[in-house]
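Asker: Following this message is one structure expressed as structure tokens.
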Amino acid sequence: MSLDLGSYKYVSRVYNENMRIKKYHLPQQLADGEQTVIDDGLIKMTMNIEGGRVISVTIQTTNPRSTEYMQTFEGFEFGFNAVSTWIQNYEESTSRHGHSEGIVKGMLASYDTNSDNVLTVTLSRVSGEPEE
């Protein structure tokens, strides 16, 4: 069993299908390694890819309440059909400026909000298999 979110082809497809903001779409291909795919001052997204498989996705935002952040996270949440309790973890982290995490369909969303209100959330798989 591999603990990844799926092939880059699968992850980028389901994300892009659920991301309405075109400038935040993922490229068709991405090389192995830690890749920064978005970095515009509001959203920074990095992906860790090994053997064409997405091991983790990290999204950092300076405005956790922005439409851009919400859309970026929801691109994965809806793309992975993992709409569930992560909103509670988001609210807990952003309101208390601390750590919260939750697991949905074997995927861990780990939230950290610092005192400057910068939110960092990392998605990774802790059990099960991708639905691709």
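Going through the structure tokens in order, the chains are called A, B, and so on, while each chain numbers its residues from 1 and the ligands are numbered from 1 in the order shown.
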Can you list, as a ChimeraX atom specification, all residues belonging to chain A that DSSP tags as strand (DSSP E)?
Answerer: /A:6-7,33-39,43-50,53-61,99-104,107-113,119-125
Asker: Any chance you could tabulate, as CSV, the residues of region 60-118 of chain A at most 6 Å from region 4-17 of chain A with each one's nearest atom pair and distance in Å to one decimal, using only C-alpha atoms, in chain and rising number order?
Answerer:
residue,atom,partner,partner_atom,distance
A:Gly75,CA,A:Tyr15,CA,4.6
A:Phe76,CA,A:Tyr15,CA,5.2
A:Gly79,CA,A:Val14,CA,4.5
Asker: Using DSSP assignments from the backbone, pull out every residue in region 4-99 of chain A that falls under alpha helix (DSSP H) and give it to me as a ChimeraX atom specification.
Answerer: /A:8-18,67-79,86-96
Asker: Can you tell me, as a PyMOL selection string, what residues are no more than 12 Å from region 49-54 of chain A when counting only C-alpha atoms, ignoring any on the same chain fewer than 2 positions away?
Answerer: chain A and resi 2-12+29-37+46-47+56-58+123-125+130+132
Asker: Please list as a ChimeraX atom specification every residue within 9 Å of Gly41 (chain A), counting only C-alpha atoms and excluding residues in the same chain fewer than 3 positions away.
Answerer: /A:44,61-62
Asker: Set the distance at 6 Å and use only C-alpha atoms: which residues neighbour region 105-115 of chain A once local chain neighbours fewer than 6 positions away are removed? I'd like the list as a PyMOL selection string.
Answerer: chain A and resi 93-94+97-99+121-128
Asker: For the residues selected in the previous step, produce a file with N, CA, C and O atoms as a compact mmCIF listing (two decimals), in the first residue's frame.
Answerer:
# COMPACT_ATOMS: atom_id res chain seq x y z
N SER A 93 -8.47 25.95 14.14
CA SER A 93 -7.12 26.46 13.94
C SER A 93 -7.11 27.98 13.75
O SER A 93 -6.32 28.68 14.38
N THR A 94 -8.01 28.48 12.90
CA THR A 94 -7.98 29.92 12.60
C THR A 94 -8.53 30.76 13.75
O THR A 94 -8.07 31.87 13.96
N HIS A 97 -5.73 30.34 16.63
CA HIS A 97 -4.34 30.51 16.20
C HIS A 97 -3.47 29.38 16.74
O HIS A 97 -2.55 29.58 17.52
N GLY A 98 -3.80 28.17 16.30
CA GLY A 98 -3.06 27.00 16.75
C GLY A 98 -3.19 25.85 15.77
O GLY A 98 -3.46 26.05 14.59
N HIS A 99 -3.01 24.65 16.29
CA HIS A 99 -3.00 23.43 15.49
C HIS A 99 -4.33 22.68 15.62
O HIS A 99 -4.91 22.64 16.70
N VAL A 121 -1.88 24.60 5.78
CA VAL A 121 -2.59 23.32 5.86
C VAL A 121 -1.88 22.34 4.94
O VAL A 121 -1.53 22.67 3.81
N THR A 122 -1.66 21.13 5.45
CA THR A 122 -1.01 20.08 4.66
C THR A 122 -1.93 18.89 4.56
O THR A 122 -2.48 18.43 5.55
N LEU A 123 -2.11 18.42 3.33
CA LEU A 123 -2.90 17.21 3.05
C LEU A 123 -1.95 16.07 2.76
O LEU A 123 -1.02 16.21 1.95
N SER A 124 -2.19 14.94 3.41
CA SER A 124 -1.40 13.74 3.15
C SER A 124 -2.27 12.52 3.46
O SER A 124 -3.31 12.63 4.11
N ARG A 125 -1.85 11.37 2.99
CA ARG A 125 -2.62 10.15 3.24
C ARG A 125 -2.00 9.40 4.42
O ARG A 125 -0.79 9.26 4.50
N VAL A 126 -2.89 8.94 5.32
CA VAL A 126 -2.43 8.16 6.46
C VAL A 126 -2.95 6.72 6.42
O VAL A 126 -2.46 5.86 7.14
N SER A 127 -3.94 6.46 5.57
CA SER A 127 -4.44 5.10 5.41
C SER A 127 -5.24 5.01 4.12
O SER A 127 -5.62 6.03 3.54
N GLY A 128 -5.50 3.80 3.69
CA GLY A 128 -6.31 3.58 2.49
C GLY A 128 -5.58 3.86 1.20
O GLY A 128 -4.36 4.03 1.18
Asker: Using only C-alpha atoms, find the one residue out of A:Asn89, A:Ser84, A:Gln28, A:Asn117 that sits nearest to Val104 (chain A).
Answerer: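 Residue with the minimum atom-to-atom distance to Val104 (chain A): A:Ser84.
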Asker: Pick out the residues sitting within 7 Å of Ile43 (chain A), and hand them over as a PyMOL selection string; count only C-alpha atoms, and ignore anything fewer than 6 positions along from it in its own chain.
Answerer: chain A and resi 59-61+69
Asker: For Ile21 (chain A), which residue among A:Asn63, A:Ala82, A:Glu68, A:Leu42 is the nearest when counting only C-alpha atoms?
Answerer: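 Using only C-alpha atoms, the shortest distance to Ile21 (chain A) belongs to A:Glu68.
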Asker: A:Ile103, A:Ile38, A:Ile55, A:Val118: which is nearest Lys22 (chain A), counting only C-alpha atoms?
Answerer: A:Ile38
Asker: Of the candidates A:Thr67, A:Asn18, A:Thr120, A:Asn81, which one gets nearest to Ser100 (chain A) if we count only C-alpha atoms?
Answerer: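 For Ser100 (chain A), the nearest of the candidates is A:Thr120.
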